[in-house]
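Trainee: Supplied structure: run-v8.txt, compact mmCIF, C-alpha atoms.
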# COMPACT_ATOMS: atom_id res chain seq x y z
CA MET Q 1 80.98 155.27 81.78
CA LEU Q 2 78.47 155.68 84.57
CA VAL Q 3 77.72 159.29 83.70
CA SER Q 4 76.62 158.32 80.18
CA ALA Q 5 74.22 155.76 81.65
CA ALA Q 6 72.66 158.26 84.03
CA PRO Q 7 69.30 158.60 82.19
CA PHE Q 8 68.36 155.11 83.32
CA MET Q 9 69.31 155.80 86.94
CA LYS Q 10 67.05 158.85 87.31
CA PRO Q 11 64.02 158.73 89.63
CA LEU Q 12 60.72 157.78 88.08
CA HIS Q 13 59.18 160.73 89.87
CA THR Q 14 59.91 162.84 92.91
CA ARG Q 15 57.81 164.34 95.64
CA SER Q 16 56.29 167.75 95.28
CA PRO Q 17 58.11 170.42 97.23
CA GLY Q 18 56.84 170.65 100.78
CA PRO Q 19 56.06 173.78 102.76
CA ARG Q 20 58.80 176.38 102.85
CA GLY Q 21 61.46 175.38 105.32
CA ARG Q 22 60.89 171.62 104.93
CA ARG Q 23 63.16 169.61 102.66
CA HIS Q 24 62.45 166.16 101.24
CA THR Q 25 65.72 164.41 100.53
CA LEU Q 26 64.40 161.01 99.40
CA PRO Q 27 62.84 160.67 95.95
CA ALA Q 28 59.64 158.65 95.93
CA SER Q 29 61.17 156.14 93.51
CA GLU Q 30 64.76 155.90 92.31
CA PHE Q 31 67.18 153.51 90.67
CA ARG Q 32 70.86 153.36 91.55
CA SER Q 33 73.82 151.02 91.68
CA LEU Q 34 74.20 149.13 94.93
CA SER Q 35 77.12 149.28 97.34
CA PRO Q 36 78.48 146.90 100.00
CA GLU Q 37 76.44 148.88 102.54
CA ASP Q 38 73.29 147.57 100.82
CA ALA Q 39 74.37 143.93 101.16
CA ILE Q 40 72.26 143.04 104.20
CA SER Q 41 69.07 144.50 102.71
CA VAL Q 42 69.82 142.68 99.45
CA PHE Q 43 70.39 139.36 101.18
CA GLU Q 44 67.25 139.62 103.31
CA ILE Q 45 65.10 140.09 100.19
CA GLU Q 46 66.95 137.35 98.32
CA ARG Q 47 66.73 134.84 101.17
CA GLU Q 48 62.99 135.31 101.60
CA ALA Q 49 62.37 135.15 97.83
CA PHE Q 50 64.38 132.01 97.09
CA ILE Q 51 64.51 129.87 100.24
CA SER Q 52 60.72 129.49 100.27
CA VAL Q 53 60.68 128.38 96.62
CA SER Q 54 63.85 126.41 95.97
CA GLY Q 55 65.57 126.14 99.34
CA GLU Q 56 68.72 127.80 97.94
CA CYS Q 57 69.95 131.37 97.53
CA PRO Q 58 71.77 132.27 94.30
CA LEU Q 59 74.22 134.33 96.36
CA HIS Q 60 75.15 134.06 100.01
CA LEU Q 61 75.80 137.21 102.04
CA ASP Q 62 79.57 137.09 101.60
CA GLU Q 63 79.10 136.65 97.83
CA VAL Q 64 76.71 139.60 97.71
CA ARG Q 65 79.36 141.74 99.41
CA HIS Q 66 82.01 140.30 97.08
CA PHE Q 67 80.23 141.37 93.88
CA LEU Q 68 79.07 144.72 95.27
CA THR Q 69 82.70 145.47 96.10
CA LEU Q 70 84.23 144.26 92.81
CA CYS Q 71 81.61 145.44 90.31
CA PRO Q 72 78.90 147.62 91.90
CA GLU Q 73 78.29 149.25 88.51
CA LEU Q 74 76.75 145.96 87.32
CA SER Q 75 74.08 146.05 90.01
CA LEU Q 76 70.84 148.00 90.07
CA GLY Q 77 68.55 148.65 93.00
CA TRP Q 78 65.03 150.07 93.01
CA PHE Q 79 64.32 152.18 96.08
CA GLU Q 80 60.95 153.46 97.28
CA GLU Q 81 61.17 156.21 99.88
CA GLY Q 82 64.76 155.15 100.49
CA ARG Q 83 63.83 151.47 101.02
CA LEU Q 84 65.21 148.76 98.74
CA VAL Q 85 62.30 146.96 97.07
CA ALA Q 86 63.98 145.12 94.18
CA PHE Q 87 67.45 144.54 92.81
CA ILE Q 88 69.67 142.88 90.21
CA ILE Q 89 73.29 141.83 90.76
CA GLY Q 90 75.59 141.05 87.85
CA SER Q 91 79.27 140.48 87.11
CA LEU Q 92 81.40 140.08 83.99
CA TRP Q 93 82.11 136.71 82.41
CA ASP Q 94 84.49 135.80 79.57
CA GLN Q 95 83.20 132.51 78.14
CA GLU Q 96 80.36 131.52 75.83
CA ARG Q 97 78.58 129.40 78.43
CA LEU Q 98 78.31 129.63 82.19
CA THR Q 99 80.41 127.27 84.29
CA LEU Q 100 80.61 126.72 88.02
CA ASP Q 101 83.34 129.38 88.22
CA ALA Q 102 80.87 131.96 86.93
CA MET Q 103 78.94 131.66 90.18
CA THR Q 104 81.71 133.31 92.19
CA LEU Q 105 84.12 135.03 89.77
CA HIS Q 106 84.14 138.47 88.18
CA LYS Q 107 86.19 138.63 84.95
CA PRO Q 108 87.03 142.33 84.40
CA ARG Q 109 88.01 141.73 80.76
CA GLY Q 110 84.79 139.89 79.97
CA THR Q 111 82.14 141.19 77.59
CA THR Q 112 79.24 139.14 78.96
CA VAL Q 113 77.23 140.26 81.97
CA HIS Q 114 76.21 137.31 84.11
CA ILE Q 115 73.01 138.23 85.94
CA HIS Q 116 73.26 136.33 89.20
CA VAL Q 117 69.98 137.30 90.76
CA LEU Q 118 66.85 139.40 90.35
CA ALA Q 119 64.60 139.60 93.41
CA VAL Q 120 61.65 141.68 94.56
CA HIS Q 121 60.59 142.29 98.17
CA ARG Q 122 57.55 140.18 99.05
CA THR Q 123 55.26 143.17 99.68
CA PHE Q 124 55.99 144.55 96.19
CA ARG Q 125 55.49 141.39 94.13
CA GLN Q 126 52.76 140.88 91.52
CA GLN Q 127 53.10 144.56 90.55
CA GLY Q 128 55.33 144.14 87.50
CA LYS Q 129 58.39 145.50 89.29
CA GLY Q 130 60.63 142.60 88.25
CA SER Q 131 59.95 143.22 84.57
CA ILE Q 132 60.37 146.98 84.90
CA LEU Q 133 63.66 146.59 86.76
CA MET Q 134 64.97 144.16 84.14
CA TRP Q 135 64.02 146.59 81.35
CA ARG Q 136 65.88 149.38 83.15
CA TYR Q 137 68.90 147.17 83.67
CA LEU Q 138 69.08 146.09 80.02
CA GLN Q 139 68.74 149.71 78.90
CA TYR Q 140 71.62 150.56 81.22
CA LEU Q 141 73.78 147.75 79.83
CA ARG Q 142 73.30 149.15 76.31
CA CYS Q 143 75.15 152.25 77.49
CA LEU Q 144 78.23 150.24 78.50
CA PRO Q 145 80.36 149.88 75.34
CA TYR Q 146 82.23 146.79 76.54
CA VAL Q 147 79.06 144.72 77.13
CA ARG Q 148 77.99 142.48 74.23
CA ARG Q 149 75.38 140.30 75.89
CA ALA Q 150 73.75 139.32 79.16
CA VAL Q 151 73.26 135.76 80.38
CA LEU Q 152 71.45 134.15 83.27
CA MET Q 153 70.33 130.77 84.44
CA CYS Q 154 66.93 129.99 85.90
CA GLU Q 155 64.58 127.14 86.66
CA ASP Q 156 62.18 125.98 83.93
CA PHE Q 157 59.15 127.74 85.36
CA LEU Q 158 60.88 131.15 85.08
CA VAL Q 159 61.76 130.83 81.38
CA PRO Q 160 58.52 132.54 80.18
CA PHE Q 161 59.16 135.48 82.52
CA TYR Q 162 62.59 136.16 81.01
CA GLN Q 163 61.36 135.52 77.48
CA LYS Q 164 59.06 138.52 77.96
CA SER Q 165 62.25 140.59 78.33
CA ASP Q 166 63.56 139.12 75.04
CA PHE Q 167 65.94 136.59 76.56
CA LYS Q 168 66.50 133.53 74.38
CA VAL Q 169 67.06 129.96 75.57
CA LEU Q 170 70.59 128.59 75.12
CA GLY Q 171 69.81 125.22 76.67
CA PRO Q 172 70.38 123.39 79.95
CA THR Q 173 73.38 124.42 82.02
CA GLU Q 174 76.04 122.08 83.35
CA ILE Q 175 75.48 123.70 86.76
CA THR Q 176 73.28 122.03 89.34
CA VAL Q 177 72.53 123.00 92.93
CA GLY Q 178 71.47 119.94 94.89
CA PRO Q 179 68.47 118.50 93.02
CA LEU Q 180 67.92 121.71 91.05
CA SER Q 181 68.80 122.03 87.36
CA PHE Q 182 68.74 125.21 85.31
CA VAL Q 183 68.18 126.64 81.84
CA GLU Q 184 70.71 129.13 80.47
CA MET Q 185 69.34 132.18 78.65
CA PHE Q 186 70.94 135.13 76.86
CA TYR Q 187 70.11 138.64 75.73
CA PRO Q 188 72.10 140.22 72.85
CA VAL Q 189 73.13 143.66 74.07
CA ARG Q 190 75.53 144.14 71.17
CA GLY Q 191 73.74 144.98 67.95
CA HIS Q 192 71.47 147.55 69.55
CA ALA Q 193 73.28 150.45 67.88
CA PHE Q 194 70.00 152.18 67.10
CA MET Q 195 68.96 151.95 70.74
CA ARG Q 196 72.33 153.33 71.85
CA ARG Q 197 72.00 156.30 69.51
CA ASN Q 198 68.54 157.10 70.79
CA SER Q 199 68.86 156.31 74.49
CA GLY Q 200 70.93 159.22 75.74
CA CYS Q 201 74.05 157.09 76.12
Could you rewrite the structure in this file as structure tokens?
Mentor:
Amino acid sequence: MLVSAAPFMKPLHTRSPGPRGRRHTLPASEFRSLSPEDAISVFEIEREAFISVSGECPLHLDEVRHFLTLCPELSLGWFEEGRLVAFIIGSLWDQERLTLDAMTLHKPRGTTVHIHVLAVHRTFRQQGKGSILMWRYLQYLRCLPYVRRAVLMCEDFLVPFYQKSDFKVLGPTEITVGPLSFVEMFYPVRGHAFMRRNSGC
């Protein structure tokens, strides 16, 4: 499964070989699935990105570790010189709409990927990295035969951002966090047979 999706995990570019005898082991820019060892770096970026805006994190540190242990293949990190600069964390869900349980559960038999969080390190924002990472992630999901769609929930002001990645509005969610309410959006992964045939999957 993961091998077939490898084209979308390859580095964007790598360093030129150095002088003979010196070895560069870190690609300048690479994408890979995250692991529980990445949890602290993930949470630090997430906390800074969300606390300043909404006062709440989509995932707490123990929840980050939880999903990176259960379904690391549904995460994607962007690393520059070995440093995490942006990430997405997802899990599987088995219902048409998100419920409160979707915030903490991974349903291995599900066919919907619930995207819990996308965040970019503050020094790398306003560079289009969020959109590029989402494109990479959706391309990757097309290579997973059991995935039919992706869903997420966001605040109203983020709807145009996700619409640029071809997410469609489903409507308001039943989930609230304190005073915050959210819009549920979806992306139809199933039905992209042409893309699957021509994506190296």
Trainee: Where does stretch 39-132 of chain Q meet stretch 151-159 of chain Q within 9 Å, residue by residue, with the nearest atom pair and distance in Å to one decimal for each, counting only C-alpha atoms, listed by chain and rising number, as a tab-separated table?
Mentor:
residue	atom	partner	partner_atom	distance
Q:Arg97	CA	Q:Val151	CA	8.5
Q:Leu98	CA	Q:Val151	CA	8.1
Q:Thr112	CA	Q:Val151	CA	7.0
Q:Val113	CA	Q:Val151	CA	6.2
Q:His114	CA	Q:Val151	CA	5.0
Q:Ile115	CA	Q:Leu152	CA	5.1
Q:His116	CA	Q:Leu152	CA	6.6
Q:Val117	CA	Q:Leu152	CA	8.3
Trainee: Out of Q:Leu170, Q:Ala49, Q:Leu92, Q:Ala86, which residue has the shortest atom-to-atom distance to Q:Lys129 when counting all atoms listed in the file?
Mentor: Q:Ala86
Trainee: What's the separation between atom CA of Q:Gln127 and atom CA of Q:Trp78, in Å to one decimal place?
Mentor: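 Computing it gives 13.4 Å between the two atoms.
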Trainee: In the coordinates of the file, take the point (75.6, 141.4, 107.3) and a cut-off of 12 Å; then, counting all atoms listed in the file, name each qualifying protein, DNA or RNA residue as an NGL selection string.
Mentor: :Q and (36-44 or 60-65)
Trainee: Could you tell me how far atom CA of Q:Ala28 lies from atom CA of Q:Arg125, in Å and to one decimal?
Mentor: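 Distance between the two atoms: 17.8 Å.
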Trainee: Can you work out which one of Q:Glu56, Q:Gln126, Q:Leu105, Q:Arg32 has the shortest atom-to-atom distance to Q:Glu80, counting only C-alpha atoms?
Mentor: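 Checking each candidate against Q:Glu80, we get Q:Arg32 as the closest.
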